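Structure file entry_26.txt with compact mmCIF, C-alpha atoms and all ligand atoms:
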```
# COMPACT_ATOMS: atom_id res chain seq x y z
CA MET A 11 72.85 27.28 7.48
CA GLU A 12 76.22 27.58 9.14
CA GLU A 13 76.18 23.75 9.54
CA LYS A 14 75.45 23.25 5.83
CA GLY A 15 78.33 25.50 4.93
CA LYS A 16 80.70 23.34 6.87
CA GLN A 17 79.52 20.16 5.22
CA GLU A 18 79.78 21.67 1.79
CA ARG A 19 83.33 22.72 2.53
CA VAL A 20 84.22 19.20 3.61
CA GLN A 21 82.48 17.76 0.53
CA ASP A 22 84.43 20.11 -1.72
CA ALA A 23 87.65 19.21 -0.05
CA VAL A 24 86.99 15.48 -0.43
CA ASP A 25 86.09 15.93 -4.11
CA GLN A 26 89.16 17.97 -4.82
CA LEU A 27 91.40 15.56 -3.03
CA CYS A 28 89.98 12.54 -4.85
CA ASN A 29 90.22 14.31 -8.19
CA ALA A 30 93.79 15.29 -7.56
CA LEU A 31 94.76 11.77 -6.59
CA ASP A 32 92.87 10.37 -9.61
CA ILE A 33 94.70 12.70 -11.93
CA LEU A 34 98.04 11.86 -10.42
CA GLY A 35 97.24 8.16 -10.51
CA LEU A 36 98.32 7.85 -6.90
CA GLU A 37 96.45 4.70 -6.08
CA SER A 38 98.40 4.00 -2.94
CA SER A 39 97.59 7.46 -1.66
CA VAL A 40 93.93 7.02 -2.48
CA GLN A 41 94.04 3.87 -0.44
CA ALA A 42 95.36 5.87 2.46
CA LEU A 43 92.10 7.80 2.45
CA ASP A 44 90.19 4.96 3.93
CA ASN A 45 91.13 5.47 7.54
CA GLY A 46 90.54 8.63 9.41
CA CYS A 47 90.87 10.88 6.37
CA LEU A 48 87.64 12.73 6.98
CA LYS A 49 88.87 13.64 10.39
CA ARG A 50 92.07 14.99 8.91
CA ILE A 51 90.21 16.93 6.24
CA ALA A 52 87.95 18.45 8.87
CA LYS A 53 91.00 19.39 10.88
CA SER A 54 92.74 20.98 7.94
CA LEU A 55 89.64 23.07 7.26
CA ALA A 56 89.53 24.05 10.93
CA ILE A 57 86.12 22.43 11.26
CA ASP A 58 85.18 20.79 14.52
CA TYR A 59 84.74 17.19 13.43
CA ASP A 60 82.30 16.44 16.27
CA ASP A 61 80.08 19.24 14.99
CA VAL A 62 79.19 17.41 11.83
CA VAL A 63 79.88 13.80 12.55
CA ASP A 64 76.39 12.79 13.68
CA ASN A 65 74.72 14.17 10.66
CA ASP A 66 73.19 12.38 7.68
CA ALA A 67 74.91 14.64 5.21
CA TRP A 68 78.21 13.72 6.78
CA ASN A 69 77.44 10.04 6.28
CA GLY A 70 76.62 10.81 2.67
CA ILE A 71 80.02 12.40 2.21
CA ASN A 72 81.65 9.47 3.89
CA HIS A 73 79.94 6.99 1.55
CA ALA A 74 80.76 9.06 -1.48
CA LEU A 75 84.38 9.02 -0.45
CA VAL A 76 84.40 5.28 0.08
CA LYS A 77 82.88 4.80 -3.36
CA ARG A 78 85.62 6.94 -4.84
CA VAL A 79 88.30 4.98 -3.02
CA LEU A 80 86.84 1.68 -4.21
CA ALA A 81 86.50 2.99 -7.76
CA CYS A 82 90.20 3.83 -7.63
CA GLY A 83 90.97 0.25 -6.64
CA GLY A 84 91.87 0.93 -3.02
CA SER A 85 90.90 -1.62 -0.40
CA SER A 86 88.84 0.80 1.60
CA SER A 87 87.66 -0.27 4.99
CA GLY A 88 84.66 2.00 4.64
CA GLY A 89 85.50 5.54 5.51
CA VAL A 90 86.54 6.55 8.95
CA GLY A 91 88.17 3.41 10.26
CA SER A 92 87.99 2.09 13.76
CA ARG A 93 90.98 2.12 16.03
CA GLU A 94 91.30 -1.66 15.64
CA GLU A 95 91.27 -1.35 11.86
CA GLU A 96 94.00 1.25 11.98
CA GLU A 97 96.09 -0.75 14.41
CA ASP A 98 95.53 -4.02 12.61
CA ARG A 99 96.39 -2.63 9.23
CA SER A 100 100.11 -3.14 9.61
CA SER A 101 99.91 -6.51 11.36
CA LYS A 102 97.28 -8.16 9.14
CA LEU A 103 98.60 -7.58 5.70
CA THR A 104 97.38 -10.11 3.18
CA PRO A 105 97.51 -10.12 -0.60
CA GLU A 106 93.99 -8.61 -0.45
CA THR A 107 95.08 -5.76 1.80
CA PRO A 108 98.45 -4.69 0.49
CA GLU A 109 100.65 -2.22 2.25
CA ARG A 110 99.95 1.40 1.40
CA ASP A 111 103.19 2.00 -0.36
CA GLU A 112 103.25 -1.29 -2.22
CA PRO A 113 103.99 -0.19 -5.78
CA THR A 114 101.67 -2.20 -8.02
CA LYS A 115 98.73 -4.55 -7.68
CA THR A 116 97.51 -7.11 -10.16
CA ALA A 117 94.04 -6.78 -11.66
CA THR A 118 92.90 -9.82 -9.68
CA GLN A 119 94.03 -8.34 -6.42
CA LYS A 120 92.30 -5.09 -7.21
CA GLN A 121 89.01 -6.87 -7.76
CA THR A 122 89.15 -8.95 -4.59
CA PRO A 123 86.13 -7.88 -2.58
CA SER A 124 86.82 -6.74 0.92
CA ALA A 125 84.65 -7.66 3.90
CA PRO A 126 82.03 -5.09 4.90
CA ALA A 127 83.66 -2.52 7.07
CA GLY A 128 82.68 -1.75 10.62
CA VAL A 129 81.54 1.72 11.56
CA GLY A 130 84.24 3.73 13.19
CA ASP A 131 84.55 5.04 16.70
CA ASP A 132 83.31 8.42 15.56
CA ALA A 133 79.79 7.18 14.84
CA PRO A 134 77.04 8.65 17.00
CA SER A 135 76.75 6.78 20.28
CA LEU A 136 74.15 5.95 22.88
CA PRO A 137 74.51 7.16 25.58
CA VAL A 138 75.85 10.24 23.81
CA GLY A 139 79.57 10.43 24.33
CA TYR A 140 80.04 6.70 24.86
CA LYS A 141 83.35 5.51 23.48
CA VAL A 142 83.94 1.85 22.81
CA PRO A 143 86.77 0.91 25.15
CA GLU A 144 89.78 -0.92 23.85
CA VAL A 145 89.03 -3.82 26.20
CA TRP A 146 85.56 -4.58 27.53
CA ASN A 147 85.71 -4.67 31.31
CA GLY A 148 82.04 -4.68 32.22
CA VAL A 149 78.99 -2.57 31.42
CA GLN A 150 79.33 1.19 31.43
CA GLY A 151 75.99 2.67 32.32
CA SER A 152 74.27 1.19 29.27
CA GLY A 153 71.50 -0.34 31.35
CA ALA A 154 72.59 -3.81 30.18
CA ASP A 155 73.13 -4.80 33.79
CA GLY A 156 69.62 -3.71 34.73
CA GLY A 157 66.13 -4.29 33.41
CA ILE A 158 63.88 -7.25 34.02
CA PHE A 159 66.55 -9.83 33.22
CA GLY A 160 69.37 -7.89 34.86
CA SER A 161 70.07 -10.53 37.46
CA GLN A 162 70.97 -13.04 34.73
CA ASN A 163 73.63 -10.97 33.07
CA ARG A 164 77.14 -12.09 33.79
CA ALA A 165 80.00 -12.70 31.44
CA ASP A 166 81.07 -16.06 32.83
CA ALA A 167 79.72 -19.62 32.69
CA ASP A 168 80.23 -20.56 36.33
CA ALA A 169 77.56 -22.12 38.51
CA ARG A 170 76.37 -19.69 41.15
CA GLU A 171 74.85 -22.04 43.67
CA GLU A 172 75.39 -25.63 44.82
CA ARG A 173 71.97 -27.27 44.48
CA GLU A 174 70.72 -30.58 43.11
CA LEU A 175 67.66 -30.91 40.92
CA PRO A 176 64.56 -32.74 42.10
CA VAL A 177 63.93 -36.04 40.30
CA GLY A 178 60.55 -37.70 39.73
CA ASP A 179 59.45 -41.19 38.78
CA HIS A 180 59.12 -40.92 35.03
CA LYS A 181 61.66 -41.67 32.34
CA TYR A 182 61.58 -38.08 31.10
CA GLN A 183 62.54 -35.36 33.56
CA LEU A 184 61.90 -31.92 32.10
CA TYR A 185 63.31 -28.81 33.77
CA SER A 186 61.66 -25.80 32.28
CA ILE A 187 59.62 -22.64 32.44
CA GLY A 188 56.57 -21.82 30.34
CA THR A 189 58.34 -19.43 27.99
CA ALA A 190 58.32 -20.11 24.26
CA ASN A 191 61.30 -22.48 24.43
CA GLY A 192 59.68 -24.28 27.34
CA ILE A 193 56.37 -24.59 25.47
CA ARG A 194 58.21 -26.32 22.64
CA ALA A 195 59.27 -29.18 24.93
CA ALA A 196 56.05 -29.47 26.93
CA ALA A 197 53.80 -29.36 23.85
CA MET A 198 55.90 -32.11 22.27
CA LEU A 199 55.66 -34.36 25.31
CA GLU A 200 51.92 -33.71 25.46
CA GLU A 201 51.50 -34.45 21.73
CA LEU A 202 53.25 -37.77 22.25
CA GLY A 203 51.06 -38.46 25.27
CA ILE A 204 53.97 -39.97 27.19
CA GLU A 205 54.61 -39.64 30.90
CA TYR A 206 57.06 -37.10 32.20
CA ASP A 207 57.81 -34.91 35.20
CA ALA A 208 58.08 -31.18 34.48
CA TRP A 209 59.85 -29.12 37.13
CA TYR A 210 59.65 -25.36 37.33
CA ILE A 211 62.97 -23.60 36.95
CA ASP A 212 62.65 -20.03 38.09
CA ILE A 213 65.03 -18.17 35.79
CA MET A 214 64.21 -14.88 37.50
CA LYS A 215 65.57 -16.31 40.74
CA GLY A 216 68.64 -17.89 39.16
CA ASP A 217 67.66 -21.59 39.31
CA GLN A 218 69.36 -22.05 35.95
CA PHE A 219 72.74 -21.28 37.51
CA THR A 220 72.64 -24.05 40.09
CA THR A 221 75.09 -26.94 39.86
CA GLY A 222 72.24 -29.40 39.28
CA LEU A 223 70.80 -27.59 36.29
CA MET A 224 74.21 -26.81 34.85
CA GLN A 225 75.18 -30.49 34.95
CA LEU A 226 72.17 -30.99 32.71
CA ASN A 227 72.89 -27.98 30.54
CA PRO A 228 76.28 -26.27 30.89
CA ASN A 229 74.76 -23.36 29.01
CA ALA A 230 72.49 -22.68 32.02
CA LYS A 231 69.26 -22.43 30.02
CA VAL A 232 65.97 -24.24 30.02
CA PRO A 233 64.30 -26.36 28.83
CA ALA A 234 66.71 -29.19 29.61
CA MET A 235 65.77 -32.82 29.90
CA ARG A 236 67.17 -35.93 31.54
CA VAL A 237 66.26 -39.26 29.99
CA LYS A 238 66.39 -41.68 32.89
CA ASN A 239 67.67 -45.17 32.83
CA GLU A 240 64.56 -47.27 33.39
CA ASP A 241 65.83 -50.82 33.54
CA GLU A 242 69.33 -50.10 34.88
CA SER A 243 70.81 -51.48 31.65
CA GLU A 244 71.63 -48.09 30.18
CA SER A 245 72.90 -44.95 31.75
CA SER A 246 70.76 -41.86 31.79
CA PHE A 247 71.68 -38.96 29.56
CA ARG A 248 70.91 -35.32 29.07
CA VAL A 249 69.24 -33.55 26.15
CA PHE A 250 69.42 -29.78 26.01
CA GLU A 251 68.42 -27.17 23.42
CA SER A 252 64.68 -27.16 22.83
CA ALA A 253 64.91 -28.07 19.14
CA HIS A 254 67.09 -31.03 20.06
CA ILE A 255 64.53 -32.17 22.65
CA LEU A 256 61.92 -32.20 19.87
CA LEU A 257 64.16 -34.12 17.50
CA HIS A 258 65.22 -36.59 20.16
CA LEU A 259 61.63 -37.37 21.11
CA ALA A 260 60.44 -37.53 17.50
CA GLU A 261 63.18 -40.04 16.70
CA THR A 262 62.39 -42.06 19.81
CA TYR A 263 58.76 -42.37 18.71
CA PRO A 264 59.05 -42.61 14.90
CA GLU A 265 55.64 -44.21 14.59
CA ARG A 266 54.09 -40.88 15.57
CA GLY A 267 55.33 -39.32 12.33
CA LEU A 268 56.47 -36.04 13.87
CA VAL A 269 59.49 -36.26 11.59
CA PRO A 270 58.55 -37.59 8.15
CA ALA A 271 60.04 -41.02 7.43
CA ASP A 272 60.99 -40.38 3.80
CA GLN A 273 64.31 -38.70 3.15
CA ALA A 274 62.94 -35.68 1.31
CA GLY A 275 60.21 -35.09 3.88
CA ARG A 276 62.67 -35.45 6.72
CA ALA A 277 65.07 -33.00 5.08
CA GLU A 278 62.33 -30.42 4.63
CA CYS A 279 61.18 -30.86 8.22
CA LEU A 280 64.72 -30.40 9.50
CA ASN A 281 65.19 -27.39 7.21
CA TRP A 282 62.43 -25.63 9.12
CA LEU A 283 63.42 -26.99 12.51
CA PHE A 284 66.92 -25.56 12.07
CA TRP A 285 65.49 -22.37 10.57
CA SER A 286 63.42 -21.91 13.69
CA ALA A 287 66.24 -22.74 16.08
CA SER A 288 68.67 -20.38 14.39
CA THR A 289 66.28 -17.47 13.87
CA THR A 290 64.79 -17.56 17.35
CA PRO A 291 67.38 -15.22 18.91
CA VAL A 292 66.22 -12.47 16.56
CA ILE A 293 62.79 -12.78 18.16
CA GLY A 294 63.75 -13.28 21.80
CA PHE A 295 67.20 -11.89 22.41
CA GLY A 296 66.65 -9.21 19.79
CA PHE A 297 63.11 -7.98 19.19
CA GLY A 298 61.49 -9.14 22.44
CA HIS A 299 64.23 -7.72 24.57
CA PHE A 300 64.49 -4.33 22.96
CA TYR A 301 60.75 -3.90 22.33
CA ARG A 302 59.42 -5.17 25.63
CA TYR A 303 62.01 -5.76 28.34
CA GLY A 304 65.10 -3.63 27.80
CA PRO A 305 65.45 -0.80 30.34
CA ILE A 306 66.00 1.67 27.50
CA LYS A 307 64.07 2.06 24.23
CA ILE A 308 66.54 2.35 21.37
CA ALA A 309 64.98 3.15 17.99
CA TYR A 310 67.91 1.69 16.08
CA ALA A 311 67.73 -1.66 17.94
CA ILE A 312 63.93 -1.90 17.73
CA ASP A 313 63.83 -0.97 14.05
CA ARG A 314 66.60 -3.35 13.09
CA CYS A 315 65.09 -6.31 14.96
CA THR A 316 61.57 -5.51 13.79
CA MET A 317 62.66 -5.41 10.17
CA GLU A 318 64.30 -8.82 10.41
CA LEU A 319 61.41 -10.28 12.40
CA LYS A 320 58.88 -9.06 9.84
CA ARG A 321 61.01 -10.59 7.13
CA GLN A 322 60.87 -13.90 9.01
CA LEU A 323 57.10 -13.59 9.38
CA SER A 324 56.92 -13.07 5.68
CA VAL A 325 59.09 -16.14 5.03
CA LEU A 326 56.80 -18.22 7.21
CA ASP A 327 53.65 -16.78 5.67
CA LYS A 328 54.87 -17.71 2.20
CA GLN A 329 55.81 -21.22 3.33
CA LEU A 330 52.34 -21.73 4.79
CA THR A 331 50.61 -20.69 1.57
CA GLY A 332 48.57 -23.67 0.44
CA ARG A 333 49.83 -25.85 3.30
CA SER A 334 48.03 -26.74 6.51
CA PHE A 335 51.32 -27.10 8.35
CA VAL A 336 54.86 -25.94 7.78
CA VAL A 337 55.96 -28.92 5.73
CA GLY A 338 52.67 -30.22 4.41
CA GLU A 339 49.39 -31.62 5.58
CA SER A 340 50.44 -33.10 8.89
CA MET A 341 51.99 -31.47 11.89
CA THR A 342 55.69 -32.08 12.51
CA ILE A 343 58.32 -30.90 14.98
CA ALA A 344 58.88 -27.91 12.69
CA ASP A 345 55.42 -26.61 13.67
CA ILE A 346 56.03 -27.38 17.34
CA CYS A 347 59.31 -25.49 17.22
CA ILE A 348 58.05 -22.42 15.37
CA PHE A 349 54.61 -22.03 16.92
CA PRO A 350 55.53 -20.97 20.51
CA TRP A 351 57.59 -18.02 19.31
CA MET A 352 54.82 -16.76 17.07
CA TYR A 353 52.50 -17.17 20.03
CA ALA A 354 54.94 -15.21 22.22
CA LEU A 355 54.76 -12.21 19.90
CA GLU A 356 51.19 -11.66 20.99
CA ALA A 357 50.90 -13.37 24.38
CA GLY A 358 54.33 -12.44 25.71
CA TYR A 359 55.47 -9.28 23.98
CA LYS A 360 51.98 -7.84 23.29
CA ALA A 361 53.25 -6.83 19.89
CA ALA A 362 50.41 -8.01 17.63
CA LYS A 363 49.38 -4.48 16.71
CA PHE A 364 52.92 -3.13 16.43
CA LEU A 365 53.91 -5.93 14.06
CA LYS A 366 50.57 -5.91 12.20
CA LEU A 367 50.37 -9.66 12.73
CA SER A 368 46.90 -9.84 11.20
CA GLU A 369 48.46 -9.08 7.81
CA TYR A 370 50.16 -12.48 7.80
CA LYS A 371 47.02 -14.38 6.88
CA ASN A 372 48.55 -17.84 6.51
CA VAL A 373 50.39 -17.52 9.80
CA GLU A 374 47.17 -16.40 11.44
CA ARG A 375 45.24 -19.41 10.10
CA TRP A 376 48.00 -21.85 11.09
CA MET A 377 48.29 -20.30 14.57
CA ALA A 378 44.56 -20.76 15.11
CA SER A 379 44.76 -24.42 14.12
CA MET A 380 47.78 -25.02 16.37
CA LEU A 381 46.04 -23.34 19.28
CA GLN A 382 43.06 -25.65 18.87
CA ARG A 383 45.15 -28.72 19.64
CA PRO A 384 44.56 -29.94 23.21
CA ALA A 385 48.22 -31.00 23.53
CA VAL A 386 49.40 -27.54 22.56
CA GLN A 387 46.98 -25.99 25.04
CA ARG A 388 48.33 -28.22 27.79
CA GLY A 389 51.91 -27.51 26.74
CA ILE A 390 51.28 -23.79 27.20
CA ARG A 391 50.02 -24.44 30.73
CA VAL A 392 53.00 -26.55 31.87
CA ASN A 393 55.34 -24.44 34.06
CA GLY A 394 53.41 -21.49 32.62
CA PHE A 395 52.20 -18.06 33.68
CA ALA A 396 48.50 -17.73 32.79
CA PRO A 397 45.85 -18.21 35.50
CA ASP A 398 45.29 -21.82 34.33
CA ALA A 399 49.01 -22.65 34.40
CA ILE A 400 50.31 -25.61 36.37
CA ARG A 401 53.60 -24.97 38.10
CA GLU A 402 54.76 -28.59 37.95
CA ARG A 403 53.45 -31.52 35.96
CA HIS A 404 53.80 -35.10 37.15
CA SER A 405 50.68 -36.74 35.76
CA PRO A 406 47.76 -35.90 33.44
CA ALA A 407 45.62 -35.39 36.53
CA ASP A 408 47.65 -32.27 37.33
CA PHE A 409 45.75 -30.45 34.59
CA GLY A 410 42.54 -31.11 36.49
CA ASP A 411 40.60 -31.33 33.22
CA ALA A 412 37.81 -33.72 32.44
CA ASP A 413 39.50 -34.64 29.14
CA ASN A 414 42.69 -35.91 30.74
N1 LIG B 1 68.58 -22.12 22.44
C1 LIG B 1 68.03 -22.48 23.72
C2 LIG B 1 67.57 -21.20 24.40
C3 LIG B 1 67.07 -21.47 25.79
C4 LIG B 1 66.76 -20.19 26.53
O1 LIG B 1 67.21 -19.08 26.17
N2 LIG B 1 66.00 -20.37 27.60
C5 LIG B 1 65.65 -19.24 28.45
C6 LIG B 1 64.21 -19.40 28.87
S1 LIG B 1 63.18 -19.29 27.46
C7 LIG B 1 66.52 -19.29 29.69
O2 LIG B 1 66.78 -20.35 30.20
N3 LIG B 1 66.95 -18.14 30.13
C8 LIG B 1 67.72 -18.03 31.32
C9 LIG B 1 68.94 -17.20 31.13
O3 LIG B 1 69.20 -16.71 30.02
O4 LIG B 1 69.69 -17.05 32.10
C10 LIG B 1 66.90 -23.46 23.53
O5 LIG B 1 66.24 -23.41 22.50
O6 LIG B 1 66.68 -24.30 24.41
```
Written as structure tokens, how would this file's structure read?
Amino acid sequence: MEEKGKQERVQDAVDQLCNALDILGLESSVQALDNGCLKRIAKSLAIDYDDVVDNDAWNGINHALVKRVLACGGSSSGGVGSREEEEDRSSKLTPETPERDEPTKTATQKQTPSAPAGVGDDAPSLPVGYKVPEVWNGVQGSGADGGIFGSQNRADADAREERELPVGDHKYQLYSIGTANGIRAAAMLEELGIEYDAWYIDIMKGDQFTTGLMQLNPNAKVPAMRVKNEDESESSFRVFESAHILLHLAETYPERGLVPADQAGRAECLNWLFWSASTTPVIGFGFGHFYRYGPIKIAYAIDRCTMELKRQLSVLDKQLTGRSFVVGESMTIADICIFPWMYALEAGYKAAKFLKLSEYKNVERWMASMLQRPAVQRGIRVNGFAPDAIRERHSPADFGDADN
């Protein structure tokens, strides 16, 4: 009750202040409301700002105020501004963000939309009481240095160990692990039925940070591939980024039709290849991490990533309506790129129930048909984790199957 009384008093004060400024036509003063004004109002009413700041009603007031400011033509930054916004205000003046006491603005300037504002330093924090430092100097008890992948986290791109990579006989040397990105590359090589050596890179032990691997991929991630010089007439070269490995191989073997030959078909295939490559971090770095691996369960992070992931599932489900594969009736590198991450949702993150995957009927049907492909099955085993996984692959015999 007491809490509600405080909020109502703040709301009243905001309303009165906006009305007064409206009546007086003091646009430049209204504009001044955008940064820190709620804090000042709370102070003037002798209300402890921290008492009400993490409350939905308070956010409502904040939004109402921002709407008022925008309606008055001010270039609000969205309520309680961050320290950076306040500091930057004087140094980053543009025609769109005029100085507070600038006398008049043209109609065009008034209508110029401003970028979405950031949430200020007074937003609720996790851990409670965390304040964003002015300069980031390392993790502060957030758990971001811990968890399953804690050993990987460092803010520099330096190699951590002098070590060369092993090299096999074949033209294609794949350095990988049987995660979704790794499955992309291995399934592609298996689909093509070409010879390659696949070496296991133990990312939990830091193999990706060795000088050898980082010469192949300065970004210290796998899969990464070396295409060896076979007849000494050309130099060998590196191919990193899993989607690029797919494209490179598809273009090297055009007769296999894994990228359509016609311009429109190729464009559509690349649309979905790039869609997959660019949306993958939402699945892995975002959803997978916060849902499955992060050392702390944060509702906000899980909800936000889940919402976007379910939107992506919906996009894919719609695209697969009436199509056997992502871009038509034959499989392309778009399918090979997208499939392993959909597979990871169930096999890796154990999130089938949580995400209600069975509701995406077209995705479900397409997944089943992808999983039936022997090459895809072998790709999942290469450098993989299941009991039938093979740690390294140097020849078809490594699979030990009758059909190889
Ligand atoms: N965009 C890259 C992502 C590669 C990636 O994140 N690979 C993971 C394994 S799936 C890795 O190497 N992680 C090691 C690390 O982050 O240190 C690709 O598609 O190849």
For ligand LIG 1 (chain B), return the neighbouring residues as a PyMOL selection string (distance at most 6 Å; all atoms listed in the file). chain A and resi 162+189-191+213+231-233+251-253
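You can rank A:Asp398, A:Leu326, A:Tyr182, A:Gly275 by their closest distance to Ile348 in chain A using only C-alpha atoms, and at the top of that list sits A:Leu326.
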Shell of 10 Å around Arg194 in chain A, only C-alpha atoms, local chain residues under 6 positions omitted, as a PDB file with C-alpha atoms, keeping the file's coordinate frame:
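New file result-v9.pdb:
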```
ATOM      1  CA  GLY A 188      56.570 -21.820  30.340  1.00  0.00           C
ATOM      2  CA  PRO A 233      64.300 -26.360  28.830  1.00  0.00           C
ATOM      3  CA  SER A 252      64.680 -27.160  22.830  1.00  0.00           C
ATOM      4  CA  ALA A 253      64.910 -28.070  19.140  1.00  0.00           C
ATOM      5  CA  ILE A 255      64.530 -32.170  22.650  1.00  0.00           C
ATOM      6  CA  LEU A 256      61.920 -32.200  19.870  1.00  0.00           C
ATOM      7  CA  ILE A 343      58.320 -30.900  14.980  1.00  0.00           C
ATOM      8  CA  ASP A 345      55.420 -26.610  13.670  1.00  0.00           C
ATOM      9  CA  ILE A 346      56.030 -27.380  17.340  1.00  0.00           C
ATOM     10  CA  CYS A 347      59.310 -25.490  17.220  1.00  0.00           C
ATOM     11  CA  ILE A 348      58.050 -22.420  15.370  1.00  0.00           C
ATOM     12  CA  PHE A 349      54.610 -22.030  16.920  1.00  0.00           C
ATOM     13  CA  PRO A 350      55.530 -20.970  20.510  1.00  0.00           C
ATOM     14  CA  TRP A 351      57.590 -18.020  19.310  1.00  0.00           C
ATOM     15  CA  VAL A 386      49.400 -27.540  22.560  1.00  0.00           C
ATOM     16  CA  GLY A 389      51.910 -27.510  26.740  1.00  0.00           C
ATOM     17  CA  ILE A 390      51.280 -23.790  27.200  1.00  0.00           C
TER      18      ILE A 390
END
```
How many Å separate CA of Gln150 in chain A from CA of Ala165 in chain A? 13.9 Å
Size and centre in Å, one decimal, axis-aligned box, all listed range 323-340 of chain A atoms plus 6 Å per side, as JSON:
```
{"center_x": 53.6, "center_y": -23.1, "center_z": 4.9, "size_x": 23.1, "size_y": 32.0, "size_z": 20.9}
```
Which neighbours of Ser152 in chain A fall inside 12 Å, counting all atoms listed in the file, when residues of the same chain fewer than 5 positions from it are skipped, and could you give them as a ChimeraX atom specification? /A:135-142,157,160,304-308
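Close contacts of Leu226 in chain A, defined as residues with an atom at most 12 Å away when counting only C-alpha atoms, with chain neighbours fewer than 4 positions off set aside, comprise Ala169, Glu174, Leu175, Gln183, Leu184, Tyr185, Ser186, Gln218, Phe219, Thr220, Thr221, Gly222, Ala230, Lys231, Val232, Pro233, Ala234, Met235, Arg236, Val237, Ser246, Phe247, Arg248, Val249, Phe250 and Glu251 of chain A.
Of the listed residues (A:Thr262, A:Ala344, A:Arg333, A:Ile312), A:Ala344 comes nearest to Asn281 in chain A; the distances count only C-alpha atoms.
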Starting from the incomplete input, reconstruct all heavy atoms of range 188-192 of chain A and report them as a PDB file, in the coordinates of the input.
```pdb
ATOM      1  N   GLY A 188      57.519 -21.896  31.449  1.00  0.00           N
ATOM      2  CA  GLY A 188      56.570 -21.820  30.340  1.00  0.00           C
ATOM      3  C   GLY A 188      56.782 -20.674  29.367  1.00  0.00           C
ATOM      4  O   GLY A 188      55.816 -20.058  28.892  1.00  0.00           O
ATOM      5  N   THR A 189      58.047 -20.383  29.053  1.00  0.00           N
ATOM      6  CA  THR A 189      58.340 -19.430  27.990  1.00  0.00           C
ATOM      7  C   THR A 189      58.242 -20.179  26.655  1.00  0.00           C
ATOM      8  O   THR A 189      57.984 -21.388  26.639  1.00  0.00           O
ATOM      9  CB  THR A 189      59.779 -18.901  28.154  1.00  0.00           C
ATOM     10  OG1 THR A 189      60.633 -20.045  28.257  1.00  0.00           O
ATOM     11  CG2 THR A 189      59.923 -18.046  29.407  1.00  0.00           C
ATOM     12  N   ALA A 190      58.484 -19.471  25.568  1.00  0.00           N
ATOM     13  CA  ALA A 190      58.320 -20.110  24.260  1.00  0.00           C
ATOM     14  C   ALA A 190      59.199 -21.359  24.108  1.00  0.00           C
ATOM     15  O   ALA A 190      58.732 -22.397  23.626  1.00  0.00           O
ATOM     16  CB  ALA A 190      58.621 -19.105  23.154  1.00  0.00           C
ATOM     17  N   ASN A 191      60.443 -21.292  24.550  1.00  0.00           N
ATOM     18  CA  ASN A 191      61.300 -22.480  24.430  1.00  0.00           C
ATOM     19  C   ASN A 191      60.766 -23.619  25.289  1.00  0.00           C
ATOM     20  O   ASN A 191      60.819 -24.788  24.899  1.00  0.00           O
ATOM     21  CB  ASN A 191      62.738 -22.146  24.855  1.00  0.00           C
ATOM     22  CG  ASN A 191      63.423 -21.228  23.866  1.00  0.00           C
ATOM     23  OD1 ASN A 191      63.250 -21.375  22.657  1.00  0.00           O
ATOM     24  ND2 ASN A 191      64.179 -20.263  24.365  1.00  0.00           N
ATOM     25  N   GLY A 192      60.254 -23.271  26.457  1.00  0.00           N
ATOM     26  CA  GLY A 192      59.680 -24.280  27.340  1.00  0.00           C
ATOM     27  C   GLY A 192      58.434 -24.904  26.736  1.00  0.00           C
ATOM     28  O   GLY A 192      58.217 -26.129  26.821  1.00  0.00           O
TER      29      GLY A 192
END
```
